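Student: Below you'll find the structure I mean.
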Amino acid sequence: MLKPSPDDTAGHVVHLIDRIDAAAHAPESLLLPKRMRTAGRVMFALVGLVTTVGAIAALVLLWTDGTPGWWFNLIFTVMICGIPVAVWAMLIGSIQEAGVERAMQETWQEHRRRARAEHGSVADRRIALSDDGSVSSFDLVVTLGPGETLAGSWRPRTSSGRPLLQTQVPGVGTAARVWRIVDADGDPGASPVVIEVADPTIVVQQRA
């Protein structure tokens with residue numbers, strides 16, 4: 001069974017739409033998840049600063065007061081230092097991911113008029129669930145032609161949006177439409193790709 005890896009889905013996004021019809025134009029946006037705004041980053045940085053100062057104060061007390069031995073101090077030094085390091089790593093990682101996604105969106109906006117649609121089908125899927133049982137993300141592997149496959153990821157745009165149910169994730173064999181930029185500058189594999197699949201729970205009325 002095919003299993004997409006993070007490298008396979010980099011720059012490839014899945015759009016869950018009402019139905020696959022004869023679309024005339026490529027999607028205007030990649031619909032990437034919304035990242036922390038400037039105000040949120042400032043607040044997160046303040047938390048990191050407070051955590052760092054608190055960790056320094058705790059280390060000073062640890063190494064100046066009486067303890068069972070150096071091994072005790074070493075263990076708690078690693079534990080205390082891990083807290084501010086984790087906070088700053090989360091902030092830096094969020095900023096880096098936002099930069100990568102912004103570059104992807106800019107590339108798509110610039111070249112999407114040269115994107116062409118290809119039809120395929122879902123060959124495999126992987127679903128990640130949140131604590132309440134709703135879908136937090138899913139990956140799809142789509143076959144396009146003889147031996148050609150593409151993988152893409154769906155992520156919610158906001159954490160406060162309507163939860164996605166497992167029944168809404170397209171199954172194996174579902175039709176898919178893939179938008180790829182033709183004659184893209186540079187490495188074609190680095191260009192954004194949009195994989196459109198239909199929500200199987202939506203009933204589409206047939207035209208008379």
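Chain identifiers are assigned as A, B, and so on, following the order in which chains appear in the structure tokens; residues are numbered from 1 within each chain, and ligands are numbered from 1 in order of appearance.
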Among stretch 90-147 of chain A, which residues does DSSP mark as strand (DSSP E) when it is run on the backbone? Keep the chain and numbering as in the structure and answer as a list in words.

Tutor: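 Of stretch 90-147 of chain A, the ones in strand (DSSP E) are Ala115, Arg116, Ala117, Glu118, His119, Gly120, Ser121, Val122, Ala123, Asp124, Arg125, Arg126, Ile127, Ala128, Leu129, Val135, Ser136, Ser137, Phe138, Asp139, Leu140, Val141, Val142, Thr143, Leu144 and Gly145 of chain A.
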
Student: I want to know what sits within 12 Å of A:Ala23, based on only C-alpha atoms, with residues of the same chain fewer than 2 positions away left out; could you give that as number ranges by chain?

Tutor: A: 17, 19-21, 25-27, 116-119, 177-179, 196

Student: Please identify which residues in stretch 48-199 of chain A DSSP calls helix (DSSP H, G or I) from the backbone, and express them as a count of residues only.

Tutor: 68

Student: Counting only C-alpha atoms, which of A:Val14, A:Val53, A:Ala198, A:Leu61 gets nearest to A:Pro84?

Tutor: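 Closest to A:Pro84, using only C-alpha atoms: A:Val53.
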
Student: Have a look at A:Ala86, A:Ala57, A:Val141, A:Ala115 and name the one nearest to A:Ile127; count only C-alpha atoms.

Tutor: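 Of A:Ala86, A:Ala57, A:Val141, A:Ala115, the one nearest A:Ile127 is A:Val141, counting only C-alpha atoms.
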
Student: Kindly indicate which residue among A:Asp199, A:Asp131, A:Glu97, A:Glu110 lies nearest to A:Arg35, using only C-alpha atoms for the distances.

Tutor: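 With only C-alpha atoms as the atom set, the closest residue is A:Glu97.
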
Student: Hey, what's within 12 Å of stretch 37-43 of chain A if we count only C-alpha atoms and toss same-chain stuff fewer than 2 positions away? As number ranges by chain, please?

Tutor: A: 34-35, 45-50, 87-88, 90-95, 98

Student: Skip A:Gly120 itself and residues of its chain fewer than 4 positions away, then list as a PyMOL selection string all residues within 12 Å of it, counting only C-alpha atoms.

Tutor: chain A and resi 20+140-151+172-179+195-197

Student: Contacts of A:Gln168 at 7 Å or less, counting only C-alpha atoms, minus same-chain residues fewer than 2 places along, as a list in words?

Tutor: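 The contact residues come out as Leu164, Leu165, Gln166, Pro170, Asp199, Pro200 and Thr201 of chain A.
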